[in-house]
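Following: one structure in structure tokens, then a few remarks.
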Amino acid sequence: MWKTVRRAARATAYLAGAAAMAFGTWLFITVLLIAAFGTLAVAGAWLTPEAVLLLRRIAGAKRNMTAAWTGVKIPEVYRPFTGTMRERLVSALRDPGTRTDLRWMAAYWLYGAMFALAVPLWLAGLVIDGVWCGLLRREAVVLPLIVRLADLDADWSTALLKPSPQVQLTARVEELAATRADAIAAHGAELRRIERDLHDGAQARLVALSMRLGLAKRAYGQDPELALKLLNEAQEQAEKALTELRQVVRGIHPPVLSDRGLAGAVRALAAGSGLDVVVDDGGLDEGVRAPAAVETAAYFVVAESLTNAAKYSGVSQAEVHLARVRRGLRVRVKDEGGGGADESSGSGLLGMRRRVAALDGIMEVSSPAGGPTVIEVELPCVW
Amino acid sequence: MRVVIAEDNALLREGLVLLMTSAGHEVVAVAGSGPEIMPALLKHRPDAAVLDVRMPPGFRDEGLRAALEARREIPGLPVLVLSQYVEESYATELLGGGAGGIGYLLKDRVGRVDEFLDALDRVAKGGTAIDPEVVAELLTRRRDSPLDSLTPREREVLKLMAEGHDNATIARTLVVTERAVHKHIGNVFQKLGLPPSDSGHRRVLAVLAYLAHTGRP
């Protein structure tokens with residue numbers, strides 16, 4: 001019973017907001033109608049873009065309210081206004097979002113009054129459900145109707161405020177084009193980095209090694225001691241070249257990922273990080289594995305985050321959570337350090353973000369001054 | 001001889017200095033980045049400059065551009081350009097000036113110390129040293145050309161000529177007499193329709209120009 005009452009109370013709060021908004025929209029439309037005729041005659045068109053912006057804000061608020069009730073985000077797609085007065089006016093009127101918002105507002109204006117039903121429902125509910133549940137030990141029947149009422153509004157609002165499939169598709173294509181360009185840029189930068197690493201590292205070492213061998217050969221006859229010294233140096237160079245090649249290979253695709261899978265690789269990272277890391281692998285050890293690109297990106301997110309934590313956070317504890325979610329893989333790294341991670345200061349965060357965006361993933365960084373720092377990444381993939 | 005070295009990688013820089021001093025040369029200046037090269041050359045006027053192609057700050061072809069500039073500013077300055085990979089167009093650009101005293105070698109060659117020092121000597125004396133790989137690339141690319149009429153031995157002679165070796169070295173390398181080399185060279189020039197040429201830098205230019213510009217598929 002109390003649960004029902006609480007839920008009904010929440011629904012009422014929601015409906016109260018909705019009713020307030022309905023009243024607001026009613027006012028808005030009324031004022032709009034007056035203003036439309038007024039401004040057409042007086043001020044011409046310059047108020048229109050401002051009115052559309054206000055419309056967007058109201059619709060945006062309703063989207064947020066509805067999303068808070070249903071837990072499902074309603075996508076918002078608007079075109080920005082730029083340019084001259086005339087261009088702003090044209091884009092304000094042409095934006096399909098304007099039509100969607102106006103349609104919703106008109107509908108809302110008509111059905112908004114029904115939220116007032118919540119008031120008699122409460123009164124009836126307290127009496128009927130009081131008897132029903134309190135005396136007869138039956139399920140409440142009236143109070144849940146208030147919840148249904150809120151659901152109904154949320155359903156309608158979602159349907160009305162959702163951008164048309166065509167608009168959504170256009171937005172999606174734009175997003176894909178942008179992430180694709182990012183992916184290509186990231187890939188290019190990656191190739192250049194690898195080339196540089198090889199050029200400055202292993203390749204230079206091998207030349208130096210060959211040079212030492214050449215000199216050793218020359219010295220062999222006259223000065224065997226010098227020759228031996230040069231040979232020793234040559235061997236050192238060979239060993240260093242191997243180390244550097246290993247690092248380059250690691251940067252391309254960490255071999256430990258192939259050997260141990262993501263969970264094992266992350267545990268290896270944790271063990272080598274110098275921090276006391278709690279790893280929750282979310283059961284990733286068993287069953288199917290994520291695609292290699294997703295695993296590699298997740299691995300680098302964890303590696304980079306732990307490196308940052310060890311370097312900047314000033315604490316010795318961190319947590320890593322891996323989880324399989326409906327749409328892909330979630331990685332969460334948290335440290336209880338001082339926070340204040342800054343993306344613009346050339347930390348690895350930007351590189352991480354690009355790597356994640358290239359796979360169409362989402363990355364959220366929360367690092368308020370005083371901590372904690374939480375980096376959460378979701379990489380879409382099919383399991 | 002007095003040498004200026006331009007190489008940004010500390011490891012290789014140190015190696016080159018070691019190499020030069022072991023051969024009795026004096027390294028008068030070492031440049032670690034592109035903009036340092038010209039002032040060092042102007043100040044020291046060395047007998048030869050050994051330049052790396054890729055240098056800071058841009059890590060592109062700073063060394064090569066410095067080499068071209070140095071050749072303009074200090075005519076006749078022998079320049080040996082080292083590169084981590086072979087790019088035929090770099091060789092063509094370097095030889096474009098027409099004067100001798102130019103070398104273009106893969107960095108790998110420094111391991112063959114004697115050959116490398118020999119190439120440096122050749123360049124310092126106004127000769128030419130072109131990396132075998134550049135020449136090989138030029139040779140393998142041709143099809144349907146008069147090159148096909150050369151005997152294998154004549155091809156070898158052509159290759160060594162293009163790399164910048166003189167008759168004596170070619171004879172030593174192929175273990176034949178200088179007279180035989182002279183005869184082969186005559187045949188090569190005749191078959192390719194080139195005017196007879198002496199054994200200096202002009203001959204190298206003629207041969208490379210032939211390889212680069214005629215008989216392209």
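Residue numbering restarts at 1 in every chain; chains get A, B, ... in the order shown in the structure tokens, and ligands count up from 1 in that same order.
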* Would you list the contacts of Gly98 in chain B as number ranges by chain, taking every protein, DNA or RNA residue within 10 Å and counting only C-alpha atoms, but skipping same-chain residues closer than 3 positions in sequence? => B: 93-95, 101-102, 201-202, 205
Counting only C-alpha atoms, which residues of chain B sit at most 8 Å from some atom of chain A, and what is each one's closest atom pair with its distance in Å to one decimal, listed by chain and rising residue number, as CSV?
```
residue,atom,partner,partner_atom,distance
B:Asn9,CA,A:Asp200,CA,7.1
B:Leu11,CA,A:Ala208,CA,6.7
B:Leu12,CA,A:Ala208,CA,5.8
B:Gly15,CA,A:Ala208,CA,6.3
B:Leu19,CA,A:Leu215,CA,7.2
B:Gln84,CA,A:His199,CA,7.7
B:Lys107,CA,A:Val207,CA,6.8
B:Asp108,CA,A:Val207,CA,5.6
B:Val110,CA,A:Met211,CA,5.8
B:Gly111,CA,A:Met211,CA,4.0
B:Arg112,CA,A:Gly214,CA,5.6
B:Val113,CA,A:Gly214,CA,5.2
```
Take the residues from that selection and put them in a file with C-alpha atoms, as a PDB file, in the first residue's frame.
```
ATOM      1  CA  ASN B   9      69.299  10.827 -33.177  1.00  0.00           C
ATOM      2  CA  LEU B  11      72.742   7.301 -30.816  1.00  0.00           C
ATOM      3  CA  LEU B  12      73.542   7.650 -34.501  1.00  0.00           C
ATOM      4  CA  GLY B  15      78.160   6.487 -33.814  1.00  0.00           C
ATOM      5  CA  LEU B  19      83.281   6.313 -37.172  1.00  0.00           C
ATOM      6  CA  GLN B  84      66.549   5.800 -43.521  1.00  0.00           C
ATOM      7  CA  LYS B 107      71.795   4.844 -43.439  1.00  0.00           C
ATOM      8  CA  ASP B 108      72.225   1.077 -43.341  1.00  0.00           C
ATOM      9  CA  VAL B 110      77.352   3.001 -42.468  1.00  0.00           C
ATOM     10  CA  GLY B 111      77.694  -0.534 -41.099  1.00  0.00           C
ATOM     11  CA  ARG B 112      79.989  -1.386 -43.988  1.00  0.00           C
ATOM     12  CA  VAL B 113      82.544   0.964 -42.552  1.00  0.00           C
TER      13      VAL B 113
END
```
* range 38-203 of chain B: residues DSSP assigns to helix (DSSP H, G or I), reported as a ChimeraX atom specification -> /B:38-44,62-73,88-95,107-111,113-124,132-141,146-149,152-163,167-174,178-192,201-203
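Nearest residue to Phe28 in chain A, choosing from A:Tyr108, A:Tyr312, A:Trp2, A:Phe115 and counting only C-alpha atoms: A:Tyr108.
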* List the neighbours of Glu154 in chain B out to 12 Å using only C-alpha atoms; skip same-chain residues closer than 6 positions along the sequence, and give me the result as a list in words. => Leu147, Asp148, Leu160, Met161, Ile170, Leu174, Ala180, Val181, His182, Lys183, His184, Ile185, Gly186, Asn187, Val188, Phe189, Gln190, Lys191 and Leu192 of chain B
Near range 126-140 of chain A, within 12 Å and counting only C-alpha atoms, which residues show up once chain neighbours fewer than 3 positions away are dropped, as a PDB file with C-alpha atoms, in the first residue's frame?
```pdb
ATOM      1  CA  MET A   1       0.000   0.000   0.000  1.00  0.00           C
ATOM      2  CA  TRP A   2       2.694   2.501   1.014  1.00  0.00           C
ATOM      3  CA  LYS A   3       4.574   1.672  -2.153  1.00  0.00           C
ATOM      4  CA  THR A   4       1.500   2.371  -4.172  1.00  0.00           C
ATOM      5  CA  VAL A   5       0.934   5.635  -2.377  1.00  0.00           C
ATOM      6  CA  ARG A   7       4.377   5.836  -6.559  1.00  0.00           C
ATOM      7  CA  ALA A   8       1.100   7.658  -6.916  1.00  0.00           C
ATOM      8  CA  ALA A   9       2.633  10.624  -5.129  1.00  0.00           C
ATOM      9  CA  VAL A 119      -7.052  15.631  -7.814  1.00  0.00           C
ATOM     10  CA  PRO A 120     -10.424  13.735  -7.706  1.00  0.00           C
ATOM     11  CA  LEU A 121      -8.521  10.491  -8.231  1.00  0.00           C
ATOM     12  CA  TRP A 122      -6.530  11.161  -5.072  1.00  0.00           C
ATOM     13  CA  LEU A 123      -9.641  11.852  -3.051  1.00  0.00           C
ATOM     14  CA  LEU A 143      -4.253   5.196  -6.913  1.00  0.00           C
ATOM     15  CA  PRO A 144      -2.468   3.207  -9.640  1.00  0.00           C
ATOM     16  CA  LEU A 145      -4.746   5.027 -12.087  1.00  0.00           C
ATOM     17  CA  ILE A 146      -2.809   8.206 -11.325  1.00  0.00           C
ATOM     18  CA  VAL A 147       0.345   6.397 -12.305  1.00  0.00           C
TER      19      VAL A 147
END
```
* To do: Using only C-alpha atoms, determine which residues lie at most 10 Å from range 258-263 of chain A, disregarding the query and same-chain residues fewer than 4 positions distant; provide the list as a PyMOL selection string.
  => chain A and resi 253-254+267-269+279-286+289-290+292+294-296+298-299+321-322
